[in-house]
$ cat start12.cif   # mmCIF, C-alpha atoms and all ligand atoms
data_coords
#
loop_
_atom_site.label_atom_id
_atom_site.label_comp_id
_atom_site.auth_asym_id
_atom_site.auth_seq_id
_atom_site.Cartn_x
_atom_site.Cartn_y
_atom_site.Cartn_z
CA MET A 1 -12.15 85.32 9.10
CA LEU A 2 -13.61 87.07 12.13
CA SER A 3 -13.09 85.58 15.58
CA PRO A 4 -16.11 84.47 17.65
CA LYS A 5 -15.69 87.64 19.73
CA GLU A 6 -15.68 89.86 16.63
CA ILE A 7 -18.69 88.08 15.14
CA VAL A 8 -20.71 88.54 18.32
CA ALA A 9 -19.66 92.20 18.63
CA LYS A 10 -20.90 92.85 15.08
CA ILE A 11 -24.24 91.17 15.73
CA PHE A 12 -24.84 93.08 18.95
CA LYS A 13 -23.90 96.35 17.23
CA GLU A 14 -26.67 95.77 14.73
CA GLU A 15 -29.18 94.23 17.15
CA SER A 16 -28.54 94.86 20.82
CA ASN A 17 -31.71 93.09 21.90
CA ILE A 18 -30.80 89.45 21.24
CA GLU A 19 -33.46 87.28 22.87
CA ASN A 20 -32.87 83.78 21.50
CA VAL A 21 -29.92 81.56 20.69
CA MET A 22 -30.75 78.50 18.61
CA PHE A 23 -28.24 75.73 17.96
CA VAL A 24 -28.88 73.53 14.92
CA GLY A 25 -27.05 70.58 13.35
CA CYS A 26 -27.23 66.87 12.56
CA GLY A 27 -25.52 63.87 14.11
CA ALA A 28 -22.15 64.48 15.69
CA SER A 29 -22.35 68.12 14.67
CA MET A 30 -25.56 68.51 16.65
CA ALA A 31 -24.03 66.74 19.65
CA ASP A 32 -21.00 69.03 19.53
CA LEU A 33 -23.32 72.01 20.12
CA TYR A 34 -24.52 70.62 23.43
CA PRO A 35 -21.86 72.04 25.79
CA ALA A 36 -22.60 75.56 24.51
CA LYS A 37 -26.33 75.05 24.91
CA TYR A 38 -25.76 73.64 28.40
CA PHE A 39 -23.53 76.58 29.31
CA LEU A 40 -26.12 79.15 28.26
CA GLU A 41 -29.00 77.29 29.90
CA LYS A 42 -27.15 77.15 33.21
CA ASN A 43 -25.99 80.76 33.17
CA ALA A 44 -28.32 82.98 31.17
CA LYS A 45 -31.17 84.64 33.01
CA LYS A 46 -32.75 86.34 30.03
CA LEU A 47 -31.70 84.54 26.85
CA ARG A 48 -33.83 81.66 25.58
CA ILE A 49 -31.89 78.69 24.28
CA SER A 50 -32.72 75.73 22.06
CA LEU A 51 -30.90 72.87 20.37
CA SER A 52 -32.50 71.08 17.43
CA THR A 53 -31.72 68.49 14.83
CA ALA A 54 -31.85 70.45 11.59
CA ASN A 55 -35.02 69.04 10.07
CA GLU A 56 -36.97 69.62 13.27
CA PHE A 57 -35.86 73.24 13.02
CA ASN A 58 -36.80 73.34 9.33
CA TYR A 59 -40.16 71.57 9.47
CA ASP A 60 -41.27 72.83 12.89
CA SER A 61 -39.53 76.18 13.24
CA PRO A 62 -39.71 77.94 16.62
CA ALA A 63 -42.22 80.79 16.73
CA SER A 64 -39.58 83.06 18.25
CA LEU A 65 -37.22 82.73 15.26
CA GLY A 66 -36.62 86.24 13.88
CA LYS A 67 -34.34 89.25 13.96
CA ASN A 68 -33.72 88.94 17.71
CA THR A 69 -32.30 85.47 17.23
CA ILE A 70 -28.81 84.13 16.68
CA VAL A 71 -28.83 80.76 14.91
CA ILE A 72 -25.63 78.73 15.02
CA VAL A 73 -25.63 75.92 12.45
CA ALA A 74 -22.79 73.38 12.50
CA SER A 75 -21.80 70.84 9.86
CA LEU A 76 -18.35 69.35 9.63
CA GLY A 77 -18.45 68.77 5.89
CA GLY A 78 -20.77 71.69 5.22
CA THR A 79 -22.95 69.69 2.83
CA THR A 80 -25.53 67.93 5.03
CA PRO A 81 -28.74 68.98 3.21
CA GLU A 82 -30.86 69.43 6.34
CA SER A 83 -28.25 71.70 7.93
CA VAL A 84 -27.74 73.71 4.73
CA GLU A 85 -31.51 74.16 4.55
CA ALA A 86 -31.54 75.37 8.17
CA THR A 87 -29.21 78.23 7.28
CA LYS A 88 -31.70 79.29 4.61
CA VAL A 89 -34.75 78.96 6.88
CA ALA A 90 -33.03 81.00 9.60
CA SER A 91 -31.74 83.64 7.23
CA LYS A 92 -35.15 84.02 5.56
CA ALA A 93 -36.69 84.60 9.00
CA GLY A 94 -34.28 87.50 9.53
CA ALA A 95 -32.10 85.77 12.13
CA HIS A 96 -28.35 86.27 12.47
CA VAL A 97 -26.88 83.07 11.08
CA ILE A 98 -23.44 81.77 11.99
CA SER A 99 -22.22 78.69 10.09
CA VAL A 100 -19.58 76.57 11.78
CA THR A 101 -17.77 74.13 9.50
CA ASN A 102 -14.50 72.44 8.59
CA SER A 103 -15.13 73.20 4.93
CA GLU A 104 -14.52 76.75 3.77
CA GLY A 105 -16.84 77.82 0.96
CA SER A 106 -19.15 74.81 1.45
CA PRO A 107 -22.92 75.11 0.85
CA LEU A 108 -23.44 75.64 4.59
CA THR A 109 -21.69 78.99 4.33
CA GLU A 110 -23.74 80.39 1.45
CA ALA A 111 -26.75 81.75 3.34
CA ALA A 112 -24.82 82.57 6.50
CA GLU A 113 -24.05 86.07 7.70
CA PHE A 114 -20.90 84.84 9.45
CA VAL A 115 -18.71 81.77 9.06
CA VAL A 116 -16.37 80.04 11.49
CA VAL A 117 -14.00 77.57 9.82
CA HIS A 118 -12.33 75.16 12.24
CA GLY A 119 -9.86 72.27 12.13
CA PHE A 120 -10.61 68.58 12.58
CA HIS A 121 -7.97 66.27 11.10
CA GLU A 122 -4.79 67.81 12.51
CA SER A 123 -4.74 66.27 16.01
CA TYR A 124 -6.90 64.80 18.78
CA ALA A 125 -7.48 68.31 20.09
CA ALA A 126 -8.73 69.35 16.65
CA LYS A 127 -11.56 66.80 17.03
CA VAL A 128 -13.16 69.21 19.48
CA ALA A 129 -12.45 72.41 17.53
CA LYS A 130 -16.10 72.71 16.54
CA MET A 131 -17.30 72.18 20.10
CA LYS A 132 -14.77 74.71 21.35
CA ASN A 133 -15.59 77.39 18.81
CA VAL A 134 -19.30 77.07 19.47
CA LEU A 135 -18.75 77.30 23.22
CA LEU A 136 -16.63 80.40 22.60
CA LEU A 137 -19.49 81.91 20.60
CA ALA A 138 -21.88 81.12 23.46
CA VAL A 139 -19.55 82.69 26.03
CA GLU A 140 -19.21 85.83 23.92
CA ILE A 141 -22.98 86.03 23.42
CA PHE A 142 -23.53 85.70 27.15
CA GLN A 143 -20.84 88.28 27.91
CA ALA A 144 -22.38 90.72 25.43
CA SER A 145 -25.94 90.26 26.65
CA GLU A 146 -25.70 89.69 30.40
CA LYS A 147 -21.99 89.76 31.45
CA TYR A 148 -20.29 86.56 32.54
CA ASP A 149 -18.61 86.73 35.96
CA HIS A 150 -16.12 84.00 35.07
CA TYR A 151 -15.32 85.17 31.55
CA ASP A 152 -11.53 85.40 32.01
CA GLU A 153 -11.32 81.98 33.71
CA MET A 154 -13.30 80.41 30.88
CA ILE A 155 -11.19 81.96 28.13
CA ASP A 156 -8.03 80.91 29.96
CA ALA A 157 -9.23 77.30 30.27
CA LEU A 158 -10.33 77.22 26.61
CA ASN A 159 -6.89 78.45 25.60
CA LYS A 160 -5.31 75.55 27.47
CA ILE A 161 -7.63 72.66 26.60
CA ASP A 162 -5.94 71.69 23.32
CA GLY A 163 -2.61 71.23 25.07
CA LEU A 164 -4.21 69.09 27.76
CA ILE A 165 -5.98 66.88 25.21
CA ASN A 166 -2.89 66.32 23.10
CA LYS A 167 -0.83 65.57 26.20
CA SER A 168 -3.45 63.23 27.68
CA VAL A 169 -3.96 61.06 24.61
CA LYS A 170 -0.28 60.14 24.60
CA SER A 171 -0.78 57.88 27.62
CA VAL A 172 -4.25 56.54 26.82
CA THR A 173 -3.50 53.73 24.36
CA PRO A 174 -2.80 50.94 26.92
CA SER A 175 -6.12 51.44 28.74
CA ALA A 176 -7.91 51.87 25.40
CA ARG A 177 -6.52 48.48 24.30
CA VAL A 178 -7.79 46.82 27.47
CA PHE A 179 -11.23 48.32 26.80
CA ALA A 180 -11.14 47.15 23.18
CA GLU A 181 -10.25 43.57 24.15
CA GLN A 182 -12.94 43.44 26.82
CA TYR A 183 -15.74 44.90 24.67
CA LYS A 184 -14.91 43.73 21.16
CA ASP A 185 -17.48 40.91 21.13
CA ASP A 186 -20.29 42.84 22.78
CA LYS A 187 -23.43 43.42 20.76
CA LEU A 188 -24.69 46.19 23.01
CA ILE A 189 -22.97 48.76 25.24
CA TYR A 190 -24.82 51.22 27.49
CA VAL A 191 -23.19 54.66 27.52
CA LEU A 192 -23.71 57.03 30.46
CA SER A 193 -22.79 60.55 31.43
CA SER A 194 -24.26 63.73 32.87
CA GLY A 195 -24.09 67.52 32.77
CA ALA A 196 -22.35 69.16 29.85
CA THR A 197 -20.97 65.75 28.86
CA TYR A 198 -24.34 64.10 28.27
CA ASP A 199 -24.06 64.51 24.51
CA VAL A 200 -20.56 63.01 24.52
CA ALA A 201 -22.33 59.87 25.72
CA TYR A 202 -24.93 60.36 22.97
CA SER A 203 -22.27 60.98 20.35
CA THR A 204 -20.19 57.98 21.42
CA ALA A 205 -23.26 55.74 21.39
CA SER A 206 -24.89 57.01 18.20
CA PHE A 207 -21.85 57.61 16.01
CA LEU A 208 -18.75 55.81 17.27
CA PHE A 209 -20.65 52.68 18.37
CA MET A 210 -23.82 52.47 16.22
CA GLU A 211 -22.75 54.22 13.01
CA MET A 212 -19.09 53.30 12.91
CA GLN A 213 -19.03 49.91 14.72
CA TRP A 214 -22.63 48.64 14.32
CA ILE A 215 -22.88 48.00 18.06
CA ALA A 216 -26.26 48.82 19.66
CA ALA A 217 -25.74 51.53 22.26
CA PRO A 218 -28.45 53.13 24.38
CA THR A 219 -27.47 56.51 25.87
CA LEU A 220 -28.37 57.25 29.48
CA ASN A 221 -28.06 60.29 31.69
CA SER A 222 -26.30 59.09 34.85
CA GLY A 223 -29.08 60.69 36.88
CA GLU A 224 -31.84 59.05 34.85
CA TYR A 225 -30.19 55.64 35.14
CA PHE A 226 -31.82 55.24 38.56
CA HIS A 227 -35.27 56.04 37.27
CA GLY A 228 -35.85 52.88 35.26
CA PRO A 229 -32.88 51.76 33.16
CA PHE A 230 -30.94 50.42 36.15
CA GLU A 231 -33.33 47.44 36.07
CA MET A 232 -31.20 46.15 33.15
CA THR A 233 -28.06 46.01 35.32
CA GLU A 234 -26.64 42.51 35.71
CA LYS A 235 -23.30 40.79 36.05
CA ASN A 236 -21.09 41.36 32.98
CA VAL A 237 -23.56 43.61 31.11
CA PRO A 238 -21.34 46.19 29.31
CA TYR A 239 -21.34 49.86 30.28
CA LEU A 240 -19.14 52.83 29.43
CA LEU A 241 -19.36 55.73 31.88
CA PHE A 242 -17.90 59.20 31.25
CA MET A 243 -17.14 60.76 34.61
CA ASN A 244 -17.16 64.54 34.95
CA ASP A 245 -15.01 66.61 37.24
CA GLY A 246 -17.42 69.24 38.55
CA PRO A 247 -20.91 69.63 39.96
CA THR A 248 -22.45 66.61 38.24
CA ARG A 249 -19.72 64.16 39.29
CA HIS A 250 -22.03 63.03 42.06
CA LEU A 251 -24.47 61.65 39.46
CA ASP A 252 -21.74 59.70 37.65
CA ALA A 253 -20.21 58.36 40.87
CA ARG A 254 -23.60 57.20 42.13
CA ALA A 255 -24.18 55.27 38.89
CA LEU A 256 -20.71 53.72 39.13
CA THR A 257 -21.33 52.52 42.68
CA PHE A 258 -24.55 50.80 41.62
CA LEU A 259 -22.99 49.23 38.52
CA GLN A 260 -20.15 47.83 40.58
CA ARG A 261 -22.54 46.55 43.23
CA PHE A 262 -24.07 44.20 40.64
CA ASP A 263 -20.79 43.37 38.88
CA ALA A 264 -21.69 45.01 35.58
CA LYS A 265 -18.80 45.26 33.15
CA VAL A 266 -18.05 48.96 33.46
CA THR A 267 -15.26 51.09 32.01
CA THR A 268 -14.91 54.67 33.15
CA ILE A 269 -13.29 57.50 31.25
CA ASP A 270 -12.73 60.06 33.97
CA ALA A 271 -11.79 63.72 33.53
CA LYS A 272 -10.00 63.59 36.89
CA ASP A 273 -7.48 61.12 35.46
CA TYR A 274 -6.34 63.75 32.96
CA GLY A 275 -5.94 66.67 35.36
CA LEU A 276 -8.73 68.82 33.98
CA ASP A 277 -8.65 70.86 37.18
CA SER A 278 -5.07 71.90 36.40
CA ILE A 279 -6.37 74.11 33.57
CA ALA A 280 -9.93 74.94 34.63
CA SER A 281 -11.23 76.60 37.81
CA ASP A 282 -14.21 75.20 39.74
CA ASN A 283 -16.35 77.93 38.20
CA VAL A 284 -15.89 76.74 34.61
CA ILE A 285 -14.67 73.14 34.79
CA ASP A 286 -18.14 71.78 33.99
CA TYR A 287 -17.95 72.98 30.41
CA LEU A 288 -14.47 71.63 29.68
CA ASN A 289 -15.29 68.01 30.53
CA PRO A 290 -16.86 67.23 27.14
CA MET A 291 -13.66 68.27 25.36
CA ILE A 292 -11.13 66.21 27.27
CA LEU A 293 -13.47 63.20 27.32
CA THR A 294 -14.13 63.42 23.56
CA GLY A 295 -10.40 63.57 22.85
CA VAL A 296 -9.69 60.52 24.99
CA MET A 297 -12.70 58.60 23.65
CA ARG A 298 -11.35 58.92 20.14
CA VAL A 299 -8.37 56.75 21.14
CA TYR A 300 -10.73 54.19 22.71
CA ALA A 301 -12.81 54.09 19.53
CA GLU A 302 -9.73 53.65 17.36
CA GLN A 303 -8.55 50.73 19.47
CA LEU A 304 -12.02 49.16 19.43
CA ALA A 305 -12.09 49.42 15.64
CA ILE A 306 -8.70 47.68 15.43
CA ALA A 307 -9.69 44.88 17.83
CA ARG A 308 -12.95 44.30 15.92
CA LYS A 309 -11.31 44.64 12.48
CA HIS A 310 -14.09 47.09 11.64
CA PRO A 311 -12.66 50.43 10.43
CA LEU A 312 -14.37 53.57 11.73
CA THR A 313 -14.93 54.56 8.10
CA LYS A 314 -17.03 51.51 7.19
CA ARG A 315 -20.69 52.19 6.28
CA ARG A 316 -23.41 50.20 4.56
CA TYR A 317 -26.08 52.89 4.07
CA MET A 318 -24.66 56.32 4.90
CA TRP A 319 -23.61 58.30 1.82
CA LYS A 320 -24.21 55.12 -0.27
CA LEU A 321 -27.98 55.03 -0.70
CA GLU A 322 -30.63 57.64 -1.39
CA TYR A 323 -32.39 58.43 1.90
N1 LIG A 401 -21.47 60.40 11.75
C1 LIG A 401 -21.82 61.54 11.01
C2 LIG A 401 -21.49 62.60 11.86
O1 LIG A 401 -20.15 62.47 12.20
C3 LIG A 401 -21.77 63.89 11.19
O2 LIG A 401 -21.56 64.89 12.11
C4 LIG A 401 -23.19 63.99 10.72
C5 LIG A 401 -23.48 65.24 9.97
O3 LIG A 401 -22.42 65.54 9.12
P1 LIG A 401 -21.87 67.00 9.09
O4 LIG A 401 -21.23 67.26 10.40
O5 LIG A 401 -20.90 67.02 7.95
O6 LIG A 401 -23.06 67.86 8.86
O7 LIG A 401 -23.45 62.89 9.95
C6 LIG A 401 -23.25 61.69 10.67
O8 LIG A 401 -24.00 61.71 11.82
#
$ encode --input "start12.cif" --output "structure tokens" --more "lines below"
Ligand SMILES: N[C@@H]1[C@@H](O)[C@H](O)[C@@H](COP(=O)(O)O)O[C@@H]1O
Amino acid sequence: MLSPKEIVAKIFKEESNIENVMFVGCGASMADLYPAKYFLEKNAKKLRISLSTANEFNYDSPASLGKNTIVIVASLGGTTPESVEATKVASKAGAHVISVTNSEGSPLTEAAEFVVVHGFHESYAAKVAKMKNVLLLAVEIFQASEKYDHYDEMIDALNKIDGLINKSVKSVTPSARVFAEQYKDDKLIYVLSSGATYDVAYSTASFLFMEMQWIAAPTLNSGEYFHGPFEMTEKNVPYLLFMNDGPTRHLDARALTFLQRFDAKVTTIDAKDYGLDSIASDNVIDYLNPMILTGVMRVYAEQLAIARKHPLTKRRYMWKLEY
């Protein structure tokens, strides 16, 4: 299997004028693409970037899709029909298609020009292997097209993130148990974050809480919280806030101050508590937050599932009905 760097080098050798990078997936696999999309949007001056749920890509394909496009399609199991279809749509349009999956030889890989197979089950760090590989692809694309000033710092931090996640989760269980006890009877939990971590909030709300625990969970950007949704804030209303270490921390801290002012029930999962800045420089720390926070959140979700006697694997519709 080629590395992300080798894949990108091959693509640029064939087509040096890459204009678009399109990220496509469904559910948690779509959310895992967000840090890479965020990275490119913040840094690229020429590349155009998009992130779509697969059927939006399939049924309403971007006009710019073509040979100057790299399409990265992610699917953990490699069988989600919409995502498999996206690889075909992209390939038919002449784009360079990279499939990212945990399942070697799965249908997702059939129409792809390149395949990245990543881990998932091995450890807490492996839970972010997809996110990490896709960010690596984005960094290599940016380096090849425009040159990234902080390339070495980013690669160094990405090389160290797994170790930090696996070390951090060892001490998380006590606070995760407190969270689980305090939130186990809640019917609704608001989930907030900002910056590159916004889709960790989305993923936690949509998949860990709604899909896997059947708890209603609106997702809010910490910045947007003040532009309407904060009207819902009241004593004991449940919130979970992912706090970033980096430029958008101000947004998260501002939301926390307001939530505490009205005695909302708020739990924070804070990258600063896990020493993210010990592995990532100020220039790149933004993009590492989603990984450490996802790793830690997994422990919180596991403890919530235990306290609620509702396994994370329990479904009533998904993969059981035709839909
Ligand atoms: N909760 C699952 C997600 O965890 C999964 O990511 C998604 C797509 O599945 P896959 O990643 O296999 O394409 O389906 C659901 O949303």
$ closest_residue --input "start12.cif" --among "A:Met232, A:Ala31, A:Ala111, A:Ala54" --to "Thr204 (chain A)" --atoms "only C-alpha atoms"
A:Ala31
$ residues_around --input "start12.cif" --residues "Ser83 (chain A)" --least-positions-apart "2" --cutoff "8 Å" --atoms "all atoms listed in the file" --output "list in words"
Val24, Gly25, Cys26, Ala54, Asn55, Val73, Ala74, Ser75, Gly78, Thr79, Thr80, Pro81, Glu85, Ala86, Thr87 and Leu108 of chain A
$ atom_distance --input "start12.cif" --atom1 "CA of Ala305 (chain A)" --atom2 "CA of Lys320 (chain A)"
20.8 Å
$ closest_residue --input "start12.cif" --among "A:Ser171, A:Ser278, A:Asn133, A:Thr268" --to "Met291 (chain A)" --atoms "all atoms listed in the file"
A:Asn133
$ closest_residue --input "start12.cif" --among "A:Leu47, A:Ile269, A:Val116, A:Val169" --to "Val200 (chain A)" --atoms "all atoms listed in the file"
A:Ile269
$ decode --input "start12.cif" --residues "region 114-170 of chain A" --atoms "C-alpha atoms" --output "mmCIF file, in the first residue's frame"
data_model
loop_
_atom_site.group_PDB
_atom_site.id
_atom_site.type_symbol
_atom_site.label_atom_id
_atom_site.label_comp_id
_atom_site.auth_asym_id
_atom_site.auth_seq_id
_atom_site.Cartn_x
_atom_site.Cartn_y
_atom_site.Cartn_z
ATOM 1 C CA PHE A 114 -5.737 4.699 -4.691
ATOM 2 C CA VAL A 115 -6.667 3.046 -1.399
ATOM 3 C CA VAL A 116 -5.655 3.845 2.164
ATOM 4 C CA VAL A 117 -6.445 1.052 4.632
ATOM 5 C CA HIS A 118 -6.343 2.133 8.270
ATOM 6 C CA GLY A 119 -6.875 0.599 11.706
ATOM 7 C CA PHE A 120 -9.826 1.126 14.034
ATOM 8 C CA HIS A 121 -10.274 -1.628 16.618
ATOM 9 C CA GLU A 122 -6.736 -1.920 17.981
ATOM 10 C CA SER A 123 -6.695 0.963 20.491
ATOM 11 C CA TYR A 124 -8.218 4.338 21.352
ATOM 12 C CA ALA A 125 -5.677 5.988 19.079
ATOM 13 C CA ALA A 126 -6.812 3.729 16.239
ATOM 14 C CA LYS A 127 -10.284 5.315 16.505
ATOM 15 C CA VAL A 128 -8.806 8.388 14.846
ATOM 16 C CA ALA A 129 -6.704 6.569 12.241
ATOM 17 C CA LYS A 130 -9.099 7.581 9.479
ATOM 18 C CA MET A 131 -9.104 11.210 10.571
ATOM 19 C CA LYS A 132 -5.321 11.176 10.795
ATOM 20 C CA ASN A 133 -4.732 9.575 7.410
ATOM 21 C CA VAL A 134 -7.091 11.995 5.706
ATOM 22 C CA LEU A 135 -5.402 14.969 7.374
ATOM 23 C CA LEU A 136 -2.063 13.562 6.204
ATOM 24 C CA LEU A 137 -3.415 13.384 2.653
ATOM 25 C CA ALA A 138 -4.583 17.000 2.940
ATOM 26 C CA VAL A 139 -1.188 18.135 4.248
ATOM 27 C CA GLU A 140 0.592 16.356 1.400
ATOM 28 C CA ILE A 141 -1.795 17.846 -1.161
ATOM 29 C CA PHE A 142 -1.199 21.314 0.229
ATOM 30 C CA GLN A 143 2.565 20.776 0.322
ATOM 31 C CA ALA A 144 2.551 19.584 -3.297
ATOM 32 C CA SER A 145 0.364 22.394 -4.585
ATOM 33 C CA GLU A 146 1.296 25.466 -2.538
ATOM 34 C CA LYS A 147 4.005 24.498 0.017
ATOM 35 C CA TYR A 148 3.147 24.365 3.702
ATOM 36 C CA ASP A 149 5.410 26.473 5.941
ATOM 37 C CA HIS A 150 4.757 24.266 8.972
ATOM 38 C CA TYR A 151 4.974 20.912 7.212
ATOM 39 C CA ASP A 152 7.672 19.413 9.480
ATOM 40 C CA GLU A 153 5.909 20.546 12.673
ATOM 41 C CA MET A 154 2.658 19.006 11.470
ATOM 42 C CA ILE A 155 4.221 15.670 10.536
ATOM 43 C CA ASP A 156 6.037 15.585 13.865
ATOM 44 C CA ALA A 157 2.811 16.216 15.815
ATOM 45 C CA LEU A 158 0.917 13.618 13.755
ATOM 46 C CA ASN A 159 3.635 11.095 14.524
ATOM 47 C CA LYS A 160 3.159 11.715 18.240
ATOM 48 C CA ILE A 161 -0.626 11.954 18.542
ATOM 49 C CA ASP A 162 -1.294 8.210 18.910
ATOM 50 C CA GLY A 163 1.032 8.001 21.894
ATOM 51 C CA LEU A 164 -0.651 10.985 23.533
ATOM 52 C CA ILE A 165 -4.141 9.540 23.009
ATOM 53 C CA ASN A 166 -3.254 6.123 24.386
ATOM 54 C CA LYS A 167 -1.510 7.701 27.366
ATOM 55 C CA SER A 168 -4.356 10.153 28.048
ATOM 56 C CA VAL A 169 -7.189 7.623 28.037
ATOM 57 C CA LYS A 170 -5.526 5.697 30.860
#
